[in-house]
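In what follows, a structure is listed as structure tokens, so that the remarks can point back to it.
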Amino acid sequence: MPRSSLSALLSLSLLALACRAGAPPAAAPAATPPGPVAPVHDPFTVPRPAVKARSAPLPGFTRGLNLGNGLDAPREGDWGVVLVEGHFEHVAEAGLDHVRLPVRFSAHAGATAPYTVDEAFFQRVDWAIDQATARGLSIIVDMHHYAELTEQPDAHAQRFLGLWRQIAARYATRPPTVAFELLNEPCKALDPGRWNALAKQAIAVVRESNPDRIVIVDSYFWSASDYLARLELPDDPNLVASFHMYQPILFTHQGAPWMEPEYGTVGVVFPGPPATPIVPVPAAERVGWVKQWFDGYNTAPLESNPSGPSTVFAHFATVESYLMASGRRVYLGEFAALDKADPKSRHNFVRLVREEAERRGIGWAYWDDGGMNRVLDARTGQWVDFLRAALLD
């Protein structure tokens, strides 16, 4: 796919995905006809590209699960998830080694200096760390959904640093199995120049009390692999760069109720092409890059189809370039495909992304949101079998 099309795709889609605030908009109408319900091609028959670079090991953070939509909601429970012991029990029993804990600290702290974090909320984070540690799991404390910072970075920079000063001090005596992630998916006005400058200040704040702790730093543009090369990090062996993988977005986010109308076409399979050409929703026909994508999806062969392995391979090639240029370790913080897609397609995508990360020594965490991306019912211990297989078999 041309880089201009890819940039447009990321720009228009990840905005709604990662920086949403408030209730999502209504879903766009489904395509007519909806297309096939299962792929007719096997993506694992396509030859894999040779691995050109591998990330150095990140012990304790190799295979993990996000505990999304819980502590990162405006209030825990608002988005249908309340953390329970089962989240940690079942993750450990499955053989995963860590959890990523998205936390919306910004919704539970003062607006003026010293930006004090609510003690009761801090205790919920304490509890989650205790649960992970007691079960031999590593945990990433991830500052998530600080939308005000991405929209008004100059106005919120000191508050961001003030939050990290408190977080770092509170957890300074925790074991090295507790890692920090400075900010989930920098985006909007928090551009690469502003983000690089602010991240360096935040790292210095963390290092005042945690000189050796693992600190994860996301790339700009909703953690796009294309922007890893724009990260400017200090010379510190315990800094880890992070990216997310939701491409091809018209497959992974088909019919998502919070996305724009051009994402309303459902029945998109992975990999394409479909057995019968799909007719996108009218809104998709009116957006140039989306129309171009569906034209390719309906006609291009498996090896070059935009909803297929070539898209995944291209993003990992970009990550390899960063590995070779920087010598840093890299972490895949999120990947998933919504349940609007058929189970076989979702299995194909999740398994392929997971395997490509592991081929390069990159640790990962699947985005379980307790809803449309759920792989685990933490209260019953039941897994979505085809996704569990894609992650663990």
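Here, A, B, ... name the chains of the structure tokens in the order displayed, residue numbers run from 1 inside each chain, and ligands are numbered from 1 in the same displayed order.
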
Select from segment 163-196 of chain A every residue with an atom at most 10 Å from any atom of segment 114-127 of chain A, then for each give the shortest pair of atoms and their distance in Å to one decimal, using only C-alpha atoms, rows by chain and rising number, as a tab-separated table.
```
residue	atom	partner	partner_atom	distance
A:Leu163	CA	A:Tyr115	CA	6.6
A:Arg165	CA	A:Pro114	CA	9.6
A:Gln166	CA	A:Val117	CA	7.7
A:Ile167	CA	A:Phe122	CA	8.7
A:Arg170	CA	A:Phe122	CA	9.1
A:Tyr171	CA	A:Asp126	CA	8.7
```

Preceding selection exported with C-alpha atoms as a tab-separated table (two decimals), in the first residue's frame:
```tsv
chain	number	residue	atom	x	y	z
A	163	LEU	CA	1.51	12.50	38.08
A	165	ARG	CA	6.50	11.96	40.18
A	166	GLN	CA	3.80	10.48	42.44
A	167	ILE	CA	3.53	7.15	40.58
A	170	ARG	CA	4.83	5.23	45.28
A	171	TYR	CA	6.18	2.18	43.46
```

So that each row is one residue of segment 325-370 of chain A with an atom at most 12 Å from segment 81-98 of chain A, can you give its shortest atom pair and the distance in Å to one decimal, using only C-alpha atoms, rows by chain and rising number, as a Markdown table?
```
| residue | atom | partner | partner_atom | distance |
| --- | --- | --- | --- | --- |
| A:Gly333 | CA | A:His98 | CA | 11.5 |
| A:Gly363 | CA | A:His98 | CA | 10.0 |
| A:Trp364 | CA | A:His98 | CA | 9.4 |
| A:Ala365 | CA | A:His98 | CA | 8.1 |
| A:Tyr366 | CA | A:Leu96 | CA | 10.7 |
| A:Asp368 | CA | A:Val81 | CA | 10.6 |
| A:Asp369 | CA | A:Val81 | CA | 7.9 |
| A:Gly370 | CA | A:Val81 | CA | 6.2 |
```

Those selected residues, please, written with C-alpha atoms and delivered as an mmCIF file, in the first residue's frame.
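Result file follows (selection_2.cif):
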```
data_model
loop_
_atom_site.group_PDB
_atom_site.id
_atom_site.type_symbol
_atom_site.label_atom_id
_atom_site.label_comp_id
_atom_site.auth_asym_id
_atom_site.auth_seq_id
_atom_site.Cartn_x
_atom_site.Cartn_y
_atom_site.Cartn_z
ATOM 1 C CA GLY A 333 1.643 -3.269 23.522
ATOM 2 C CA GLY A 363 7.208 -9.298 23.643
ATOM 3 C CA TRP A 364 3.485 -8.654 23.265
ATOM 4 C CA ALA A 365 0.176 -8.087 25.054
ATOM 5 C CA TYR A 366 -3.173 -8.847 23.407
ATOM 6 C CA ASP A 368 -8.531 -7.688 25.822
ATOM 7 C CA ASP A 369 -11.145 -5.014 26.498
ATOM 8 C CA GLY A 370 -13.721 -7.236 28.169
#
```

Using only C-alpha atoms, which protein or nucleic acid residues come within 9 Å of Pro39 of chain A? Drop anything in the same chain fewer than 2 positions from it, and give the result as an mmCIF file with C-alpha atoms, in the first residue's frame.
```cif
data_model
loop_
_atom_site.group_PDB
_atom_site.id
_atom_site.type_symbol
_atom_site.label_atom_id
_atom_site.label_comp_id
_atom_site.auth_asym_id
_atom_site.auth_seq_id
_atom_site.Cartn_x
_atom_site.Cartn_y
_atom_site.Cartn_z
ATOM 1 C CA PRO A 36 -18.347 -14.175 3.186
ATOM 2 C CA VAL A 37 -18.343 -15.173 6.822
ATOM 3 C CA HIS A 41 -7.447 -18.539 1.758
ATOM 4 C CA ASP A 42 -4.806 -19.679 4.225
ATOM 5 C CA VAL A 268 -14.324 -8.300 5.614
ATOM 6 C CA VAL A 269 -12.151 -11.402 5.850
ATOM 7 C CA PHE A 270 -8.487 -11.976 6.597
ATOM 8 C CA PRO A 271 -6.933 -12.795 4.301
ATOM 9 C CA GLY A 272 -8.562 -11.502 1.126
ATOM 10 C CA PRO A 273 -9.607 -11.601 -1.573
ATOM 11 C CA PRO A 274 -13.165 -12.689 -0.690
ATOM 12 C CA ALA A 275 -14.868 -15.495 -2.583
ATOM 13 C CA ASP A 342 -15.657 -13.899 11.623
ATOM 14 C CA LYS A 344 -11.507 -17.788 11.451
ATOM 15 C CA SER A 345 -10.366 -14.396 10.171
#
```

### Message
What parts of segment 119-351 of chain A does DSSP call strand (DSSP E)? I'd like the answer as a ChimeraX atom specification.
### Response
/A:138-143,178-181,215-218,239-245,329-335

Let's have the selection written as a PDB file, in the first residue's frame, with C-alpha atoms.
```pdb
ATOM      1  CA  SER A 138       5.023  -9.020  35.711  1.00  0.00           C
ATOM      2  CA  ILE A 139       2.859  -5.924  35.260  1.00  0.00           C
ATOM      3  CA  ILE A 140       3.060  -2.735  33.200  1.00  0.00           C
ATOM      4  CA  VAL A 141       1.511   0.335  34.821  1.00  0.00           C
ATOM      5  CA  ASP A 142       0.387   2.249  31.736  1.00  0.00           C
ATOM      6  CA  MET A 143      -0.864   5.853  31.802  1.00  0.00           C
ATOM      7  CA  VAL A 178       6.742  -3.835  37.727  1.00  0.00           C
ATOM      8  CA  ALA A 179       7.347  -1.676  34.636  1.00  0.00           C
ATOM      9  CA  PHE A 180       6.111   1.814  33.783  1.00  0.00           C
ATOM     10  CA  GLU A 181       4.651   2.974  30.455  1.00  0.00           C
ATOM     11  CA  VAL A 215      10.220   2.286  31.267  1.00  0.00           C
ATOM     12  CA  ILE A 216       8.231   1.812  28.053  1.00  0.00           C
ATOM     13  CA  VAL A 217       7.833   4.718  25.638  1.00  0.00           C
ATOM     14  CA  ASP A 218       5.209   4.629  22.877  1.00  0.00           C
ATOM     15  CA  LEU A 239      14.091   2.194  28.065  1.00  0.00           C
ATOM     16  CA  VAL A 240      11.910   0.150  25.709  1.00  0.00           C
ATOM     17  CA  ALA A 241      10.155   1.493  22.598  1.00  0.00           C
ATOM     18  CA  SER A 242       6.567   0.376  21.980  1.00  0.00           C
ATOM     19  CA  PHE A 243       4.194   0.136  19.014  1.00  0.00           C
ATOM     20  CA  HIS A 244       0.644  -1.183  18.434  1.00  0.00           C
ATOM     21  CA  MET A 245      -0.673  -3.285  15.554  1.00  0.00           C
ATOM     22  CA  ARG A 329      14.387  -3.352  22.687  1.00  0.00           C
ATOM     23  CA  VAL A 330      10.868  -3.109  21.285  1.00  0.00           C
ATOM     24  CA  TYR A 331       7.501  -4.152  22.752  1.00  0.00           C
ATOM     25  CA  LEU A 332       4.119  -4.736  21.056  1.00  0.00           C
ATOM     26  CA  GLY A 333       1.643  -3.269  23.522  1.00  0.00           C
ATOM     27  CA  GLU A 334      -1.653  -3.955  21.713  1.00  0.00           C
ATOM     28  CA  PHE A 335      -3.141  -5.965  18.859  1.00  0.00           C
TER      29      PHE A 335
END
```

### Task
Please run DSSP on the backbone and report, as a ChimeraX atom specification, all residues within segment 289-318 of chain A that come out as alpha helix (DSSP H).
/A:289-299,309-318
